[in-house]
Amino acid sequence: MTLHAVGLANFKAFGPSQRVPLRPITLLYGANSAGKSSVLHALALAHHAVETGELDIQRTQIGGEAIDLGGFRQFVHRRQRDAQVELTFALETKRLSGRVGDLLRAARDVVVQVGIGSASSDGPEPEQGVRVERFAVEVDGRPMLAMSARRQGLLRLDRLDHGHPVFREVFRSILTVATTTTDLTEQDFARVAEVMDEVVPGITGRREGLFPRIEHEAAHEVETRVGLVAVSRGRRQEDLAHAARLFLPRVLRDIVGGLAAAFEVEIRRLRYLGPLRSYPPRHLALSPDHDPNWHAGGGYAWDVVRQRAGVRERVNQWLGDSERLKTPYELQIREL
């Protein structure tokens, strides 16, 4: 699985939303202070948040001393404390696997967006600090669901587009498999849509790392039930409404949680090699443990060469090939 685009807004050099397509090799070039480093720093911020859950970030794990974000007040655009930093990530659904891959198999592209802001509220228990203020999912260019921050670290589901073609197909499949009905009419969908509008405000999630997971007792209640939900001819609408109340939280839990896990895997794959302005010492054995900038200074590349014989062999081929680098050198590993 590979991210094919990232976006950012209200972050460092960027105010309005910017989208950066990603390819196996992506080149960023421009004048000084044009925002090239801001794109890399946004990725480092996302990586650190996924790994640690921290959002008011000073220095990142993968950036070492080479990336100092200075905290939310420094990296939010023009230090606007009331603005939200927006991070957006996109991938093709064919890269998804497991339950979420099955649910979204009719889709082509999925985008998740996270809004990070400085919480400040009045009242008997005012909340302070930096938190995820908003989470949204867009499928095939159309918004599908959105959540926003509430007290005690929760996010509430504010909007669910039950008319979205992908979600409509998902729920059709769920109800035809989990109930005794074989198909749904437009009248059935209209009744199910009413139930969704009733249930949505009661569905909440809690942030884990950078992305939320749905927390709703109904999502767990379905796990203990066995057999199909009977849909009788005389009570068809009521029975379908009952099934929708049971299965909607579970479907949303699987979609949100599955996407969160998939994007976390991609973000964890990020490695920052730094400005590459230094070369490693002659003996590498203790460097990763003693140098806080080991990975940010290019140490990850040296770790790969040291640990993977196949990569080392190919590097040595380039070093000695008469049509390539034409050098008398090779990389060797010696255990001391």
# chains A, B, ... in the order shown; residues from 1 in each chain; ligands from 1

call {"tool": "residues_around", "arguments": {"residues": "A:Ala107", "least_positions_apart": "5", "cutoff": "8 Å", "atoms": "only C-alpha atoms", "output": "PDB file with all heavy atoms, in the first residue's frame"}}
result
ATOM      1  N   THR A  93      -8.242   2.545  -3.061  1.00  0.00           N
ATOM      2  CA  THR A  93      -8.875   1.519  -2.228  1.00  0.00           C
ATOM      3  C   THR A  93      -8.427   0.111  -2.607  1.00  0.00           C
ATOM      4  O   THR A  93      -8.553  -0.813  -1.790  1.00  0.00           O
ATOM      5  CB  THR A  93     -10.408   1.607  -2.330  1.00  0.00           C
ATOM      6  OG1 THR A  93     -10.789   1.548  -3.715  1.00  0.00           O
ATOM      7  CG2 THR A  93     -10.912   2.900  -1.735  1.00  0.00           C
ATOM      8  N   VAL A 139     -14.735   9.726  -0.230  1.00  0.00           N
ATOM      9  CA  VAL A 139     -14.586   8.557  -1.085  1.00  0.00           C
ATOM     10  C   VAL A 139     -14.976   8.927  -2.507  1.00  0.00           C
ATOM     11  O   VAL A 139     -16.061   9.472  -2.733  1.00  0.00           O
ATOM     12  CB  VAL A 139     -15.446   7.379  -0.579  1.00  0.00           C
ATOM     13  CG1 VAL A 139     -15.290   6.175  -1.507  1.00  0.00           C
ATOM     14  CG2 VAL A 139     -15.052   7.000   0.844  1.00  0.00           C
ATOM     15  N   ASP A 140     -14.063   8.685  -3.433  1.00  0.00           N
ATOM     16  CA  ASP A 140     -14.281   8.994  -4.846  1.00  0.00           C
ATOM     17  C   ASP A 140     -14.693  10.453  -5.056  1.00  0.00           C
ATOM     18  O   ASP A 140     -15.603  10.760  -5.843  1.00  0.00           O
ATOM     19  CB  ASP A 140     -15.329   8.054  -5.452  1.00  0.00           C
ATOM     20  CG  ASP A 140     -14.812   6.629  -5.571  1.00  0.00           C
ATOM     21  OD1 ASP A 140     -13.590   6.428  -5.479  1.00  0.00           O
ATOM     22  OD2 ASP A 140     -15.641   5.707  -5.750  1.00  0.00           O
ATOM     23  N   VAL A 166     -21.203   4.650  -2.586  1.00  0.00           N
ATOM     24  CA  VAL A 166     -20.408   3.595  -1.971  1.00  0.00           C
ATOM     25  C   VAL A 166     -21.032   3.141  -0.655  1.00  0.00           C
ATOM     26  O   VAL A 166     -21.184   1.944  -0.402  1.00  0.00           O
ATOM     27  CB  VAL A 166     -18.951   4.058  -1.748  1.00  0.00           C
ATOM     28  CG1 VAL A 166     -18.180   3.030  -0.924  1.00  0.00           C
ATOM     29  CG2 VAL A 166     -18.264   4.280  -3.082  1.00  0.00           C
TER      30      VAL A 166
END

call {"tool": "residues_around", "arguments": {"residues": "A:Arg73", "least_positions_apart": "6", "cutoff": "12 Å", "atoms": "only C-alpha atoms", "output": "list in words"}}
result
Asn10, Phe11, Lys12, Leu55, Asp56, Ile57, Gln58, Arg79, Gln80, Arg81, Asp82, Ala83, Gln84, Val85, Ile116, Gly117, Ser118, Gly129 and Val130 of chain A

call {"tool": "write_last_selection", "arguments": {"atoms": "N, CA and C atoms", "output": "PDB file, in the first residue's frame"}}
result
ATOM      1  N   ASN A  10      -2.861  25.643   6.565  1.00  0.00           N
ATOM      2  CA  ASN A  10      -2.589  26.350   7.822  1.00  0.00           C
ATOM      3  C   ASN A  10      -1.397  25.745   8.566  1.00  0.00           C
ATOM      4  N   PHE A  11      -0.417  25.328   7.806  1.00  0.00           N
ATOM      5  CA  PHE A  11       0.785  24.745   8.395  1.00  0.00           C
ATOM      6  C   PHE A  11       2.018  25.473   7.876  1.00  0.00           C
ATOM      7  N   LYS A  12       2.736  26.102   8.806  1.00  0.00           N
ATOM      8  CA  LYS A  12       3.981  26.798   8.497  1.00  0.00           C
ATOM      9  C   LYS A  12       3.806  27.739   7.301  1.00  0.00           C
ATOM     10  N   LEU A  55       0.505  15.861  19.835  1.00  0.00           N
ATOM     11  CA  LEU A  55       0.135  16.795  18.773  1.00  0.00           C
ATOM     12  C   LEU A  55       0.814  18.158  18.924  1.00  0.00           C
ATOM     13  N   ASP A  56       1.084  18.558  20.154  1.00  0.00           N
ATOM     14  CA  ASP A  56       1.776  19.825  20.394  1.00  0.00           C
ATOM     15  C   ASP A  56       3.285  19.538  20.336  1.00  0.00           C
ATOM     16  N   ILE A  57       3.773  19.315  19.121  1.00  0.00           N
ATOM     17  CA  ILE A  57       5.063  18.666  18.912  1.00  0.00           C
ATOM     18  C   ILE A  57       6.205  19.679  18.831  1.00  0.00           C
ATOM     19  N   GLN A  58       7.258  19.404  19.565  1.00  0.00           N
ATOM     20  CA  GLN A  58       8.490  20.190  19.469  1.00  0.00           C
ATOM     21  C   GLN A  58       9.420  19.518  18.453  1.00  0.00           C
ATOM     22  N   ARG A  79       1.022  31.729  13.094  1.00  0.00           N
ATOM     23  CA  ARG A  79       0.779  31.641  14.538  1.00  0.00           C
ATOM     24  C   ARG A  79      -0.659  31.991  14.917  1.00  0.00           C
ATOM     25  N   GLN A  80      -1.588  31.627  14.054  1.00  0.00           N
ATOM     26  CA  GLN A  80      -3.004  31.887  14.321  1.00  0.00           C
ATOM     27  C   GLN A  80      -3.538  30.796  15.247  1.00  0.00           C
ATOM     28  N   ARG A  81      -3.625  31.099  16.518  1.00  0.00           N
ATOM     29  CA  ARG A  81      -3.991  30.096  17.515  1.00  0.00           C
ATOM     30  C   ARG A  81      -5.385  29.528  17.295  1.00  0.00           C
ATOM     31  N   ASP A  82      -6.265  30.289  16.637  1.00  0.00           N
ATOM     32  CA  ASP A  82      -7.633  29.819  16.430  1.00  0.00           C
ATOM     33  C   ASP A  82      -7.791  29.059  15.114  1.00  0.00           C
ATOM     34  N   ALA A  83      -6.704  28.892  14.360  1.00  0.00           N
ATOM     35  CA  ALA A  83      -6.763  28.160  13.090  1.00  0.00           C
ATOM     36  C   ALA A  83      -6.497  26.677  13.319  1.00  0.00           C
ATOM     37  N   GLN A  84      -6.948  25.867  12.399  1.00  0.00           N
ATOM     38  CA  GLN A  84      -6.707  24.424  12.454  1.00  0.00           C
ATOM     39  C   GLN A  84      -5.682  24.019  11.400  1.00  0.00           C
ATOM     40  N   VAL A  85      -4.689  23.280  11.817  1.00  0.00           N
ATOM     41  CA  VAL A  85      -3.762  22.672  10.872  1.00  0.00           C
ATOM     42  C   VAL A  85      -4.465  21.466  10.246  1.00  0.00           C
ATOM     43  N   ILE A 116      -6.206  19.699  13.237  1.00  0.00           N
ATOM     44  CA  ILE A 116      -5.574  19.801  14.553  1.00  0.00           C
ATOM     45  C   ILE A 116      -5.671  21.247  15.024  1.00  0.00           C
ATOM     46  N   GLY A 117      -6.215  21.452  16.219  1.00  0.00           N
ATOM     47  CA  GLY A 117      -6.386  22.808  16.727  1.00  0.00           C
ATOM     48  C   GLY A 117      -6.085  22.914  18.200  1.00  0.00           C
ATOM     49  N   SER A 118      -6.068  24.139  18.671  1.00  0.00           N
ATOM     50  CA  SER A 118      -5.822  24.423  20.085  1.00  0.00           C
ATOM     51  C   SER A 118      -7.159  24.563  20.788  1.00  0.00           C
ATOM     52  N   GLY A 129      -5.294  22.758  25.529  1.00  0.00           N
ATOM     53  CA  GLY A 129      -4.359  21.858  24.866  1.00  0.00           C
ATOM     54  C   GLY A 129      -4.662  21.700  23.393  1.00  0.00           C
ATOM     55  N   VAL A 130      -3.812  20.948  22.728  1.00  0.00           N
ATOM     56  CA  VAL A 130      -3.942  20.712  21.294  1.00  0.00           C
ATOM     57  C   VAL A 130      -4.597  19.356  21.088  1.00  0.00           C
TER      58      VAL A 130
END

call {"tool": "residues_around", "arguments": {"residues": "A:Leu103", "least_positions_apart": "4", "cutoff": "12 Å", "atoms": "only C-alpha atoms", "output": "mmCIF file with N, CA, C and O atoms, in the first residue's frame"}}
result
data_model
loop_
_atom_site.group_PDB
_atom_site.id
_atom_site.type_symbol
_atom_site.label_atom_id
_atom_site.label_comp_id
_atom_site.auth_asym_id
_atom_site.auth_seq_id
_atom_site.Cartn_x
_atom_site.Cartn_y
_atom_site.Cartn_z
ATOM 1 N N THR A 93 -8.242 2.545 -3.061
ATOM 2 C CA THR A 93 -8.875 1.519 -2.228
ATOM 3 C C THR A 93 -8.427 0.111 -2.607
ATOM 4 O O THR A 93 -8.553 -0.813 -1.790
ATOM 5 N N LYS A 94 -7.915 -0.082 -3.805
ATOM 6 C CA LYS A 94 -7.429 -1.420 -4.171
ATOM 7 C C LYS A 94 -6.238 -1.819 -3.310
ATOM 8 O O LYS A 94 -5.871 -2.993 -3.259
ATOM 9 N N LEU A 96 -6.309 -1.413 -0.066
ATOM 10 C CA LEU A 96 -6.838 -1.786 1.234
ATOM 11 C C LEU A 96 -7.027 -3.294 1.314
ATOM 12 O O LEU A 96 -7.307 -3.960 0.314
ATOM 13 N N SER A 97 -6.924 -3.829 2.515
ATOM 14 C CA SER A 97 -7.127 -5.253 2.724
ATOM 15 C C SER A 97 -8.036 -5.471 3.929
ATOM 16 O O SER A 97 -8.386 -4.528 4.641
ATOM 17 N N GLY A 98 -8.417 -6.731 4.167
ATOM 18 C CA GLY A 98 -9.239 -7.045 5.327
ATOM 19 C C GLY A 98 -10.653 -6.532 5.198
ATOM 20 O O GLY A 98 -11.179 -6.309 4.104
ATOM 21 N N ARG A 99 -11.282 -6.301 6.347
ATOM 22 C CA ARG A 99 -12.690 -5.921 6.407
ATOM 23 C C ARG A 99 -12.955 -4.607 5.672
ATOM 24 O O ARG A 99 -13.895 -4.496 4.895
ATOM 25 N N ALA A 107 -15.346 1.272 -4.312
ATOM 26 C CA ALA A 107 -14.752 2.608 -4.450
ATOM 27 C C ALA A 107 -13.416 2.531 -5.163
ATOM 28 O O ALA A 107 -12.814 1.466 -5.304
ATOM 29 N N VAL A 166 -21.203 4.650 -2.586
ATOM 30 C CA VAL A 166 -20.408 3.595 -1.971
ATOM 31 C C VAL A 166 -21.032 3.141 -0.655
ATOM 32 O O VAL A 166 -21.184 1.944 -0.402
ATOM 33 N N PHE A 167 -21.432 4.092 0.188
ATOM 34 C CA PHE A 167 -22.027 3.713 1.465
ATOM 35 C C PHE A 167 -23.371 3.045 1.263
ATOM 36 O O PHE A 167 -23.724 2.103 1.978
ATOM 37 N N ARG A 168 -24.111 3.509 0.286
ATOM 38 C CA ARG A 168 -25.408 2.891 -0.016
ATOM 39 C C ARG A 168 -25.207 1.422 -0.403
ATOM 40 O O ARG A 168 -25.941 0.541 0.047
ATOM 41 N N GLU A 169 -24.186 1.141 -1.209
ATOM 42 C CA GLU A 169 -23.909 -0.232 -1.615
ATOM 43 C C GLU A 169 -23.428 -1.066 -0.432
ATOM 44 O O GLU A 169 -23.769 -2.245 -0.305
ATOM 45 N N VAL A 170 -22.622 -0.443 0.444
ATOM 46 C CA VAL A 170 -22.151 -1.141 1.637
ATOM 47 C C VAL A 170 -23.333 -1.573 2.494
ATOM 48 O O VAL A 170 -23.424 -2.737 2.916
ATOM 49 N N PHE A 171 -24.241 -0.656 2.755
ATOM 50 C CA PHE A 171 -25.356 -0.988 3.642
ATOM 51 C C PHE A 171 -26.337 -1.945 2.984
ATOM 52 O O PHE A 171 -26.951 -2.776 3.659
ATOM 53 N N ARG A 172 -26.485 -1.853 1.668
ATOM 54 C CA ARG A 172 -27.328 -2.826 0.968
ATOM 55 C C ARG A 172 -26.756 -4.241 1.174
ATOM 56 O O ARG A 172 -27.496 -5.187 1.486
ATOM 57 N N SER A 173 -25.453 -4.374 1.018
ATOM 58 C CA SER A 173 -24.826 -5.685 1.177
ATOM 59 C C SER A 173 -24.975 -6.202 2.600
ATOM 60 O O SER A 173 -25.272 -7.385 2.827
ATOM 61 N N ILE A 174 -24.772 -5.314 3.588
ATOM 62 C CA ILE A 174 -24.867 -5.729 4.990
ATOM 63 C C ILE A 174 -26.266 -6.230 5.304
ATOM 64 O O ILE A 174 -26.446 -7.298 5.911
ATOM 65 N N ARG A 250 -21.620 -0.732 13.830
ATOM 66 C CA ARG A 250 -20.561 -1.691 13.525
ATOM 67 C C ARG A 250 -19.921 -1.382 12.172
ATOM 68 O O ARG A 250 -18.704 -1.440 12.017
ATOM 69 N N VAL A 251 -20.754 -1.062 11.171
ATOM 70 C CA VAL A 251 -20.221 -0.731 9.850
ATOM 71 C C VAL A 251 -19.304 0.494 9.937
ATOM 72 O O VAL A 251 -18.203 0.511 9.368
ATOM 73 N N LEU A 252 -19.756 1.513 10.663
ATOM 74 C CA LEU A 252 -18.939 2.721 10.806
ATOM 75 C C LEU A 252 -17.659 2.434 11.581
ATOM 76 O O LEU A 252 -16.599 2.968 11.263
ATOM 77 N N ARG A 253 -17.757 1.595 12.603
ATOM 78 C CA ARG A 253 -16.561 1.225 13.357
ATOM 79 C C ARG A 253 -15.541 0.543 12.452
ATOM 80 O O ARG A 253 -14.342 0.831 12.499
ATOM 81 N N ASP A 254 -16.016 -0.364 11.591
ATOM 82 C CA ASP A 254 -15.107 -1.091 10.704
ATOM 83 C C ASP A 254 -14.500 -0.177 9.643
ATOM 84 O O ASP A 254 -13.326 -0.328 9.282
ATOM 85 N N ILE A 255 -15.285 0.765 9.127
ATOM 86 C CA ILE A 255 -14.761 1.675 8.103
ATOM 87 C C ILE A 255 -13.752 2.639 8.700
ATOM 88 O O ILE A 255 -12.616 2.775 8.213
ATOM 89 N N VAL A 256 -14.145 3.331 9.777
ATOM 90 C CA VAL A 256 -13.250 4.326 10.384
ATOM 91 C C VAL A 256 -12.002 3.661 10.957
ATOM 92 O O VAL A 256 -10.868 4.105 10.724
ATOM 93 N N GLY A 258 -10.752 0.689 10.210
ATOM 94 C CA GLY A 258 -9.956 0.081 9.152
ATOM 95 C C GLY A 258 -9.138 1.096 8.382
ATOM 96 O O GLY A 258 -7.963 0.864 8.071
ATOM 97 N N LEU A 259 -9.749 2.242 8.063
ATOM 98 C CA LEU A 259 -9.005 3.293 7.366
ATOM 99 C C LEU A 259 -7.898 3.855 8.251
ATOM 100 O O LEU A 259 -6.783 4.106 7.786
#

call {"tool": "select_by_dssp", "arguments": {"residues": "stretch 14-92 of chain A", "states": "helix (DSSP H, G or I)", "output": "list in words"}}
result
Lys36, Ser37, Ser38, Val39, Leu40, His41, Ala42, Leu43, Ala44, Leu45, Ala46, His47, His48, Ala49, Val50, Glu51, Thr52, Gly64, Glu65, Ala66, Phe72, Arg73, Gln74, Phe75, His77, Arg78 and Arg79 of chain A

call {"tool": "residues_around", "arguments": {"residues": "A:Arg142", "least_positions_apart": "5", "cutoff": "10 Å", "atoms": "only C-alpha atoms", "output": "ChimeraX atom specification"}}
result
/A:110-111,137,161,164-166

call {"tool": "residues_around", "arguments": {"residues": "stretch 147-150 of chain A", "least_positions_apart": "3", "cutoff": "6 Å", "atoms": "only C-alpha atoms", "output": "JSON, numbers by chain"}}
result
{"A": [133, 134, 135, 154, 155, 156, 157, 158]}

call {"tool": "closest_atom_pairs", "arguments": {"of": "stretch 47-99 of chain A", "to": "stretch 17-21 of chain A", "cutoff": "10 Å", "atoms": "only C-alpha atoms", "output": "tab-separated table"}}
result
residue	atom	partner	partner_atom	distance
A:Val85	CA	A:Ser17	CA	9.8
A:Glu86	CA	A:Ser17	CA	7.9
A:Leu87	CA	A:Ser17	CA	9.1
A:Thr88	CA	A:Arg19	CA	8.3
A:Phe89	CA	A:Arg19	CA	9.4
A:Ala90	CA	A:Pro21	CA	9.2

call {"tool": "write_last_selection", "arguments": {"atoms": "N, CA and C atoms", "output": "short mmCIF file (atom, residue, chain, number, x, y, z; two decimals), in the first residue's frame"}}
result
data_model
loop_
_atom_site.label_atom_id
_atom_site.label_comp_id
_atom_site.auth_asym_id
_atom_site.auth_seq_id
_atom_site.Cartn_x
_atom_site.Cartn_y
_atom_site.Cartn_z
N VAL A 85 -4.69 23.28 11.82
CA VAL A 85 -3.76 22.67 10.87
C VAL A 85 -4.46 21.47 10.25
N GLU A 86 -4.50 21.42 8.93
CA GLU A 86 -5.16 20.33 8.23
C GLU A 86 -4.14 19.43 7.55
N LEU A 87 -4.23 18.13 7.80
CA LEU A 87 -3.41 17.13 7.15
C LEU A 87 -4.32 16.17 6.39
N THR A 88 -4.00 15.92 5.14
CA THR A 88 -4.83 15.08 4.28
C THR A 88 -3.97 13.99 3.65
N PHE A 89 -4.53 12.78 3.60
CA PHE A 89 -3.80 11.65 3.03
C PHE A 89 -4.74 10.88 2.10
N ALA A 90 -4.20 10.43 0.96
CA ALA A 90 -5.02 9.75 -0.04
C ALA A 90 -4.36 8.46 -0.49
#

call {"tool": "atom_distance", "arguments": {"atom1": "atom CA of A:Ala241", "atom2": "atom CA of A:Arg191"}}
result
6.7 Å

call {"tool": "atom_distance", "arguments": {"atom1": "atom CA of A:Ser38", "atom2": "atom CA of A:Asp291"}}
result
24.4 Å

call {"tool": "closest_residue", "arguments": {"among": "A:Arg324, A:Arg271, A:Arg131, A:Arg108", "to": "A:Gly297", "atoms": "only C-alpha atoms"}}
result
A:Arg271

call {"tool": "select_by_dssp", "arguments": {"residues": "stretch 13-242 of chain A", "states": "strand (DSSP E or B)", "output": "PyMOL selection string"}}
result
chain A and resi 14+18-21+59+68+76+85-92+109-120+128-139+142-149+154-160+179+204-208+211-215+229

call {"tool": "closest_residue", "arguments": {"among": "A:Asp239, A:Glu313, A:Asp109, A:Glu54", "to": "A:Asp188", "atoms": "only C-alpha atoms"}}
result
A:Asp239

call {"tool": "decode", "arguments": {"residues": "stretch 161-186 of chain A", "atoms": "N, CA and C atoms", "output": "compact mmCIF listing (two decimals), in the first residue's frame"}}
result
# COMPACT_ATOMS: atom_id res chain seq x y z
N ASP A 161 -23.21 10.77 4.98
CA ASP A 161 -23.94 10.84 3.71
C ASP A 161 -24.43 9.44 3.36
N HIS A 162 -25.63 9.10 3.85
CA HIS A 162 -26.15 7.77 3.57
C HIS A 162 -26.58 7.62 2.13
N GLY A 163 -26.60 8.73 1.38
CA GLY A 163 -26.89 8.65 -0.04
C GLY A 163 -25.66 8.46 -0.90
N HIS A 164 -24.48 8.46 -0.28
CA HIS A 164 -23.24 8.24 -1.02
C HIS A 164 -23.32 6.87 -1.72
N PRO A 165 -23.04 6.80 -3.02
CA PRO A 165 -23.17 5.53 -3.74
C PRO A 165 -22.40 4.38 -3.09
N VAL A 166 -21.20 4.65 -2.59
CA VAL A 166 -20.41 3.59 -1.97
C VAL A 166 -21.03 3.14 -0.66
N PHE A 167 -21.43 4.09 0.19
CA PHE A 167 -22.03 3.71 1.47
C PHE A 167 -23.37 3.04 1.26
N ARG A 168 -24.11 3.51 0.29
CA ARG A 168 -25.41 2.89 -0.02
C ARG A 168 -25.21 1.42 -0.40
N GLU A 169 -24.19 1.14 -1.21
CA GLU A 169 -23.91 -0.23 -1.61
C GLU A 169 -23.43 -1.07 -0.43
N VAL A 170 -22.62 -0.44 0.44
CA VAL A 170 -22.15 -1.14 1.64
C VAL A 170 -23.33 -1.57 2.49
N PHE A 171 -24.24 -0.66 2.76
CA PHE A 171 -25.36 -0.99 3.64
C PHE A 171 -26.34 -1.94 2.98
N ARG A 172 -26.48 -1.85 1.67
CA ARG A 172 -27.33 -2.83 0.97
C ARG A 172 -26.76 -4.24 1.17
N SER A 173 -25.45 -4.37 1.02
CA SER A 173 -24.83 -5.68 1.18
C SER A 173 -24.97 -6.20 2.60
N ILE A 174 -24.77 -5.31 3.59
CA ILE A 174 -24.87 -5.73 4.99
C ILE A 174 -26.27 -6.23 5.30
N LEU A 175 -27.30 -5.48 4.90
CA LEU A 175 -28.67 -5.84 5.25
C LEU A 175 -29.14 -7.09 4.52
N THR A 176 -28.71 -7.28 3.28
CA THR A 176 -29.14 -8.47 2.56
C THR A 176 -28.45 -9.73 3.07
N VAL A 177 -27.27 -9.58 3.67
CA VAL A 177 -26.56 -10.73 4.24
C VAL A 177 -27.03 -11.01 5.66
N ALA A 178 -27.29 -9.95 6.44
CA ALA A 178 -27.58 -10.11 7.86
C ALA A 178 -29.06 -10.21 8.18
N THR A 179 -29.93 -10.04 7.18
CA THR A 179 -31.36 -10.16 7.42
C THR A 179 -31.95 -11.17 6.43
N THR A 180 -33.24 -11.43 6.58
CA THR A 180 -33.88 -12.41 5.69
C THR A 180 -34.41 -11.79 4.41
N THR A 181 -34.21 -10.48 4.22
CA THR A 181 -34.64 -9.87 2.97
C THR A 181 -33.58 -10.10 1.90
N THR A 182 -34.01 -10.14 0.65
CA THR A 182 -33.09 -10.40 -0.46
C THR A 182 -32.74 -9.14 -1.23
N ASP A 183 -33.50 -8.09 -1.05
CA ASP A 183 -33.20 -6.84 -1.76
C ASP A 183 -33.89 -5.69 -1.04
N LEU A 184 -33.44 -4.50 -1.33
CA LEU A 184 -34.01 -3.31 -0.71
C LEU A 184 -34.61 -2.41 -1.77
N THR A 185 -35.81 -1.90 -1.49
CA THR A 185 -36.47 -0.96 -2.38
C THR A 185 -36.11 0.47 -1.97
N GLU A 186 -36.52 1.42 -2.81
CA GLU A 186 -36.28 2.82 -2.48
C GLU A 186 -37.02 3.21 -1.21
